[in-house]
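Worksheet: one structure, shown below.
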Amino acid sequence: MSVEITLNGETKRLDAPTSVRGLLEGLGLDPAKIAVERNLEIVPRSTYSDVAVANGDRLEIVHFIGGGNAPVDVPREDKPLVIAGKTFKSRLIIGTGKYKDYAMNAAALEASGAEIVTVAVRRVNLTDKSQPMLVDFIDPKKVQYLPNTAGCFTGEDAVRTLRLAREAGGWTLVKLEVLGEKKLLYPDMIETLRATEMLSNDGFQVMVYCSDDPLMAKRLEDVGAVAIMPLAAPIGSGMGMQATVNIRMIIEDAKVPVVVDAGIGTASDAAVAMELGCDAVLTNTAIAHARDPVKMAGAMKLAVQAGRMAWLAGRMPRKAYADPSSPLSGLI
């Protein structure tokens, strides 16, 4: 007569009645290395031969294992940078402010290899029409202009500015920043979230300058942001990567590109950002205020490439003490 039992949560049919010991032997298990529960009661090891396994019994067989699971080493794939459906080869974005002139800006752009430049929207100088214009030096047909809302302190001002930008050049891929106050230039995240939703509903693809708050970053993505742009440090400070832990958490949870924005001071800062796993780096002051902006632009290009390659390679584990590179066995 067959017996049907539930064993470790699964239904199992035995060809004939048996004891707990007989069941364990049939499974190839050593009774000395396991514990058995039958119908929510522990079966003493000394009674294994005497306790019968009856039809309908529920048995749990357990043993000791080490806590947790071994980390899974998932190979990193070198996916292209895609923002709002458009693919970019360069992972460096540069600004167009603070340069001594547009010619220097254009030369730095050439050295950087960047394919995206941020541009501010400002009133036309009606009193001196001979003043140079950015489009005379950086062709928007060859480089992706990214209109931004620098200097805006409310969601309404940001939306108004970007609607003008769309009218002027047809741009819908835009960078949103809504600042809290003039001293810190820190993002007002409540207004930023509101403006992101308004712009997304109005047909814009919004790249959003934001704080390094992982929860807020996720909310921005939920209301339509096509890229998350957390600050590394205060705008224009050059302090480098001050928020590595939070930015790493943003990267791990994001379904859209993460671009470090604000605070980059030199090429090594850009490399650190990319080594964290950022998809790209945006920098302006670090290049424009360098002693040689063109050389710094070239350095930023190489740093972003090196940082990306290092992230793909995966760094060695950190160790508390020295570990010799050469084997010590066989020394003379």
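Ordering of the structure tokens sets the chain letters (A, B, ...); residue numbers start at 1 within each chain; ligands are numbered from 1 in the order shown.
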* To do: Compile the contact shell of A:Thr149 as a PyMOL selection string: residues with an atom at most 9 Å away, counting only C-alpha atoms, same-chain residues fewer than 5 positions apart removed.
  => chain A and resi 119-121+157-159+161-162+174-178
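Omitting A:Glu181 and its sequence neighbours fewer than 4 positions away, and counting only C-alpha atoms, the residues within 8 Å are A:Phe153, A:Leu185, A:Tyr186.
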Could you please take those selected residues and save C-alpha atoms as a compact mmCIF listing (two decimals), in the first residue's frame?
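Saved the output as again.txt:
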# COMPACT_ATOMS: atom_id res chain seq x y z
CA PHE A 153 13.83 79.18 -8.80
CA LEU A 185 22.53 76.68 -5.65
CA TYR A 186 21.14 73.46 -4.25
* Neighbour list for A:Ala232 as an MDAnalysis selection string, cut-off 12 Å, only C-alpha atoms, skip fewer than 6 positions in-chain -> chainID A and resid 186 209:213 238:248 258:265 269:270 272:274 276 278 281:283
Keeping only N, CA and C atoms, take the residues you just selected and write them out as a short mmCIF file (atom, residue, chain, number, x, y, z; two decimals), in the first residue's frame.
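In the end it all went to result_0.cif:
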data_model
loop_
_atom_site.label_atom_id
_atom_site.label_comp_id
_atom_site.auth_asym_id
_atom_site.auth_seq_id
_atom_site.Cartn_x
_atom_site.Cartn_y
_atom_site.Cartn_z
N TYR A 186 21.56 74.84 -4.46
CA TYR A 186 21.14 73.46 -4.25
C TYR A 186 19.74 73.29 -4.84
N TYR A 209 18.61 67.77 -12.99
CA TYR A 209 19.60 68.05 -11.95
C TYR A 209 18.90 67.90 -10.60
N CYS A 210 19.51 67.11 -9.71
CA CYS A 210 18.83 66.80 -8.45
C CYS A 210 19.82 66.58 -7.32
N SER A 211 19.28 66.43 -6.13
CA SER A 211 20.09 66.09 -4.97
C SER A 211 20.52 64.63 -5.08
N ASP A 212 21.33 64.18 -4.13
CA ASP A 212 21.81 62.80 -4.16
C ASP A 212 20.91 61.88 -3.32
N ASP A 213 19.64 62.19 -3.26
CA ASP A 213 18.66 61.40 -2.50
C ASP A 213 18.13 60.27 -3.39
N GLY A 238 34.02 72.54 -7.39
CA GLY A 238 35.23 71.78 -7.73
C GLY A 238 35.66 70.82 -6.63
N MET A 239 34.77 70.51 -5.69
CA MET A 239 35.15 69.64 -4.57
C MET A 239 35.19 68.16 -4.93
N GLY A 240 34.73 67.81 -6.11
CA GLY A 240 34.78 66.41 -6.52
C GLY A 240 33.67 65.57 -5.93
N MET A 241 33.85 64.26 -5.99
CA MET A 241 32.81 63.32 -5.61
C MET A 241 32.66 63.25 -4.10
N GLN A 242 31.64 63.93 -3.57
CA GLN A 242 31.38 63.95 -2.14
C GLN A 242 30.23 63.02 -1.75
N ALA A 243 29.52 62.50 -2.70
CA ALA A 243 28.30 61.73 -2.40
C ALA A 243 28.35 60.34 -3.03
N THR A 244 29.47 59.67 -2.90
CA THR A 244 29.66 58.40 -3.61
C THR A 244 28.67 57.32 -3.17
N VAL A 245 28.37 57.25 -1.87
CA VAL A 245 27.48 56.18 -1.39
C VAL A 245 26.07 56.36 -1.95
N ASN A 246 25.52 57.57 -1.84
CA ASN A 246 24.16 57.81 -2.33
C ASN A 246 24.07 57.68 -3.84
N ILE A 247 25.08 58.18 -4.55
CA ILE A 247 25.05 58.09 -6.01
C ILE A 247 25.12 56.64 -6.46
N ARG A 248 25.91 55.83 -5.76
CA ARG A 248 25.95 54.41 -6.10
C ARG A 248 24.57 53.77 -5.91
N VAL A 258 22.22 57.66 -15.45
CA VAL A 258 22.60 58.51 -14.32
C VAL A 258 23.83 59.30 -14.73
N VAL A 259 23.71 60.62 -14.71
CA VAL A 259 24.79 61.52 -15.15
C VAL A 259 25.19 62.40 -13.97
N VAL A 260 26.42 62.28 -13.50
CA VAL A 260 26.87 63.14 -12.41
C VAL A 260 26.97 64.57 -12.91
N ASP A 261 26.38 65.48 -12.15
CA ASP A 261 26.31 66.89 -12.56
C ASP A 261 26.67 67.76 -11.37
N ALA A 262 27.59 68.67 -11.55
CA ALA A 262 27.97 69.68 -10.56
C ALA A 262 29.01 69.15 -9.56
N GLY A 263 30.05 69.95 -9.36
CA GLY A 263 31.05 69.65 -8.35
C GLY A 263 32.32 69.03 -8.87
N ILE A 264 32.35 68.58 -10.12
CA ILE A 264 33.57 67.99 -10.69
C ILE A 264 34.64 69.08 -10.76
N GLY A 265 35.87 68.75 -10.29
CA GLY A 265 36.93 69.74 -10.27
C GLY A 265 38.08 69.45 -11.21
N ASP A 269 38.25 63.35 -10.73
CA ASP A 269 36.88 63.34 -10.22
C ASP A 269 35.95 62.67 -11.23
N ALA A 270 36.15 62.98 -12.49
CA ALA A 270 35.32 62.37 -13.54
C ALA A 270 35.55 60.87 -13.60
N VAL A 272 36.43 58.92 -11.10
CA VAL A 272 35.77 58.32 -9.94
C VAL A 272 34.28 58.15 -10.20
N ALA A 273 33.66 59.17 -10.78
CA ALA A 273 32.23 59.08 -11.09
C ALA A 273 31.94 57.92 -12.02
N MET A 274 32.77 57.75 -13.03
CA MET A 274 32.55 56.66 -13.98
C MET A 274 32.85 55.30 -13.35
N LEU A 276 32.21 54.46 -10.40
CA LEU A 276 31.03 54.10 -9.62
C LEU A 276 29.97 53.41 -10.46
N CYS A 278 28.45 55.40 -13.14
CA CYS A 278 27.64 56.44 -13.80
C CYS A 278 27.68 56.24 -15.31
N VAL A 281 29.20 61.96 -17.41
CA VAL A 281 29.59 63.06 -16.51
C VAL A 281 29.34 64.38 -17.22
N LEU A 282 28.77 65.34 -16.51
CA LEU A 282 28.62 66.69 -17.03
C LEU A 282 29.52 67.63 -16.24
N THR A 283 30.31 68.42 -16.93
CA THR A 283 31.16 69.39 -16.24
C THR A 283 31.28 70.66 -17.06
#
* To do: Enumerate, as a ChimeraX atom specification, the complete set of residues in stretch 71-210 of chain A that a backbone-based DSSP assignment places in strand (DSSP E or B).
  => /A:81-83,86-88,92-94,116-120,144-148,173-176,179,187,205-210
* **Shell of 12 Å around A:Ile61, only C-alpha atoms, local chain residues under 2 positions omitted, as a ChimeraX atom specification** => /A:6-10,20-21,23-24,27,29-31,33-43,58-59,63-64
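Residue nearest A:Val208, chosen from A:Arg91, A:Lys141, A:Arg318, A:Arg194 and counting only C-alpha atoms: A:Arg194.
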Excluding same-chain residues fewer than 4 positions from stretch 92-95 of chain A, what lies within 8 Å of it counting only C-alpha atoms, as a JSON list (two decimals) with all heavy atoms, in the first residue's frame?
[["chain", "number", "residue", "atom", "x", "y", "z"],
["A", 109, "LEU", "N", 35.39, 72.14, -26.65],
["A", 109, "LEU", "CA", 34.42, 71.15, -27.10],
["A", 109, "LEU", "C", 35.08, 70.16, -28.06],
["A", 109, "LEU", "O", 34.91, 68.94, -27.94],
["A", 109, "LEU", "CB", 33.24, 71.83, -27.78],
["A", 109, "LEU", "CG", 32.23, 70.90, -28.47],
["A", 109, "LEU", "CD1", 31.57, 69.95, -27.47],
["A", 109, "LEU", "CD2", 31.17, 71.72, -29.21],
["A", 112, "SER", "N", 37.30, 67.81, -26.16],
["A", 112, "SER", "CA", 36.58, 66.92, -25.26],
["A", 112, "SER", "C", 35.92, 65.74, -25.97],
["A", 112, "SER", "O", 35.67, 64.70, -25.35],
["A", 112, "SER", "CB", 35.50, 67.70, -24.50],
["A", 112, "SER", "OG", 34.40, 67.99, -25.36],
["A", 113, "GLY", "N", 35.61, 65.92, -27.23],
["A", 113, "GLY", "CA", 34.89, 64.88, -27.96],
["A", 113, "GLY", "C", 33.43, 64.78, -27.57],
["A", 113, "GLY", "O", 32.71, 63.87, -28.00],
["A", 114, "ALA", "N", 32.94, 65.72, -26.75],
["A", 114, "ALA", "CA", 31.55, 65.68, -26.29],
["A", 114, "ALA", "C", 30.58, 65.88, -27.46],
["A", 114, "ALA", "O", 30.88, 66.59, -28.42],
["A", 114, "ALA", "CB", 31.31, 66.75, -25.22],
["A", 115, "GLU", "N", 29.43, 65.26, -27.35],
["A", 115, "GLU", "CA", 28.39, 65.39, -28.37],
["A", 115, "GLU", "C", 27.18, 66.17, -27.86],
["A", 115, "GLU", "O", 26.24, 66.42, -28.61],
["A", 115, "GLU", "CB", 27.93, 64.01, -28.83],
["A", 115, "GLU", "CG", 29.03, 63.18, -29.47],
["A", 115, "GLU", "CD", 28.61, 61.74, -29.68],
["A", 115, "GLU", "OE1", 28.60, 60.98, -28.69],
["A", 115, "GLU", "OE2", 28.28, 61.38, -30.83],
["A", 116, "ILE", "N", 27.21, 66.53, -26.58],
["A", 116, "ILE", "CA", 26.12, 67.30, -25.97],
["A", 116, "ILE", "C", 26.73, 68.48, -25.25],
["A", 116, "ILE", "O", 27.72, 68.35, -24.52],
["A", 116, "ILE", "CB", 25.32, 66.46, -24.95],
["A", 116, "ILE", "CG1", 24.80, 65.16, -25.58],
["A", 116, "ILE", "CG2", 24.16, 67.28, -24.39],
["A", 116, "ILE", "CD1", 24.10, 64.25, -24.59],
["A", 117, "VAL", "N", 26.14, 69.67, -25.43],
["A", 117, "VAL", "CA", 26.55, 70.85, -24.67],
["A", 117, "VAL", "C", 25.31, 71.47, -24.04],
["A", 117, "VAL", "O", 24.26, 71.56, -24.67],
["A", 117, "VAL", "CB", 27.27, 71.91, -25.55],
["A", 117, "VAL", "CG1", 28.59, 71.38, -26.05],
["A", 117, "VAL", "CG2", 26.39, 72.36, -26.71],
["A", 118, "THR", "N", 25.44, 71.87, -22.78],
["A", 118, "THR", "CA", 24.34, 72.58, -22.13],
["A", 118, "THR", "C", 24.38, 74.04, -22.55],
["A", 118, "THR", "O", 25.45, 74.64, -22.69],
["A", 118, "THR", "CB", 24.42, 72.49, -20.61],
["A", 118, "THR", "OG1", 25.65, 73.07, -20.17],
["A", 118, "THR", "CG2", 24.36, 71.03, -20.16],
["A", 119, "VAL", "N", 23.21, 74.61, -22.77],
["A", 119, "VAL", "CA", 23.11, 76.02, -23.17],
["A", 119, "VAL", "C", 22.03, 76.70, -22.34],
["A", 119, "VAL", "O", 20.99, 76.12, -22.05],
["A", 119, "VAL", "CB", 22.79, 76.16, -24.68],
["A", 119, "VAL", "CG1", 23.93, 75.64, -25.53],
["A", 119, "VAL", "CG2", 21.50, 75.45, -25.05],
["A", 280, "ALA", "N", 27.42, 58.80, -17.48],
["A", 280, "ALA", "CA", 28.09, 59.94, -18.09],
["A", 280, "ALA", "C", 28.42, 60.97, -17.02],
["A", 280, "ALA", "O", 27.97, 60.86, -15.88],
["A", 280, "ALA", "CB", 27.22, 60.57, -19.19],
["A", 281, "VAL", "N", 29.20, 61.96, -17.41],
["A", 281, "VAL", "CA", 29.59, 63.06, -16.51],
["A", 281, "VAL", "C", 29.34, 64.38, -17.22],
["A", 281, "VAL", "O", 29.66, 64.51, -18.41],
["A", 281, "VAL", "CB", 31.08, 62.95, -16.12],
["A", 281, "VAL", "CG1", 31.55, 64.22, -15.43],
["A", 281, "VAL", "CG2", 31.31, 61.76, -15.22],
["A", 282, "LEU", "N", 28.77, 65.34, -16.51],
["A", 282, "LEU", "CA", 28.62, 66.69, -17.03],
["A", 282, "LEU", "C", 29.52, 67.63, -16.24],
["A", 282, "LEU", "O", 29.50, 67.61, -15.00],
["A", 282, "LEU", "CB", 27.17, 67.17, -16.92],
["A", 282, "LEU", "CG", 26.82, 68.47, -17.65],
["A", 282, "LEU", "CD1", 25.33, 68.52, -17.97],
["A", 282, "LEU", "CD2", 27.21, 69.73, -16.87],
["A", 283, "THR", "N", 30.31, 68.42, -16.93],
["A", 283, "THR", "CA", 31.16, 69.39, -16.24],
["A", 283, "THR", "C", 31.28, 70.66, -17.06],
["A", 283, "THR", "O", 31.27, 70.62, -18.29],
["A", 283, "THR", "CB", 32.56, 68.80, -15.96],
["A", 283, "THR", "OG1", 33.33, 69.74, -15.21],
["A", 283, "THR", "CG2", 33.30, 68.46, -17.24],
["A", 284, "ASN", "N", 31.37, 71.78, -16.37],
["A", 284, "ASN", "CA", 31.52, 73.06, -17.03],
["A", 284, "ASN", "C", 32.69, 73.85, -16.45],
["A", 284, "ASN", "O", 33.71, 74.05, -17.09],
["A", 284, "ASN", "CB", 30.23, 73.87, -16.92],
["A", 284, "ASN", "CG", 30.33, 75.20, -17.64],
["A", 284, "ASN", "OD1", 30.47, 75.24, -18.86],
["A", 284, "ASN", "ND2", 30.28, 76.30, -16.90],
["A", 285, "THR", "N", 32.57, 74.24, -15.17],
["A", 285, "THR", "CA", 33.58, 75.09, -14.55],
["A", 285, "THR", "C", 34.95, 74.44, -14.53],
["A", 285, "THR", "O", 35.97, 75.12, -14.71],
["A", 285, "THR", "CB", 33.16, 75.46, -13.11],
["A", 285, "THR", "OG1", 31.83, 75.97, -13.13],
["A", 285, "THR", "CG2", 34.08, 76.51, -12.52],
["A", 300, "MET", "N", 39.62, 65.40, -19.46],
["A", 300, "MET", "CA", 38.30, 64.91, -19.06],
["A", 300, "MET", "C", 37.82, 63.79, -19.99],
["A", 300, "MET", "O", 37.23, 62.80, -19.55],
["A", 300, "MET", "CB", 37.28, 66.06, -19.07],
["A", 300, "MET", "CG", 37.46, 67.07, -17.96],
["A", 300, "MET", "SD", 37.01, 66.39, -16.35],
["A", 300, "MET", "CE", 37.22, 67.85, -15.33],
["A", 301, "LYS", "N", 38.08, 63.95, -21.26],
["A", 301, "LYS", "CA", 37.70, 62.93, -22.23],
["A", 301, "LYS", "C", 38.36, 61.59, -21.88],
["A", 301, "LYS", "O", 37.69, 60.54, -21.83],
["A", 301, "LYS", "CB", 38.12, 63.36, -23.64],
["A", 301, "LYS", "CG", 37.93, 62.32, -24.72],
["A", 301, "LYS", "CD", 38.44, 62.83, -26.06],
["A", 301, "LYS", "CE", 38.29, 61.77, -27.15],
["A", 301, "LYS", "NZ", 38.77, 62.28, -28.46],
["A", 304, "VAL", "N", 37.03, 60.05, -18.46],
["A", 304, "VAL", "CA", 35.72, 59.41, -18.58],
["A", 304, "VAL", "C", 35.87, 58.04, -19.24],
["A", 304, "VAL", "O", 35.26, 57.05, -18.82],
["A", 304, "VAL", "CB", 34.75, 60.32, -19.36],
["A", 304, "VAL", "CG1", 33.51, 59.54, -19.79],
["A", 304, "VAL", "CG2", 34.35, 61.51, -18.51]]
* **Filtered DSSP result for stretch 36-242 of chain A, state helix (DSSP H, G or I), as a ChimeraX atom specification** => /A:45-47,102-112,134-136,155-169,189-201,214-222
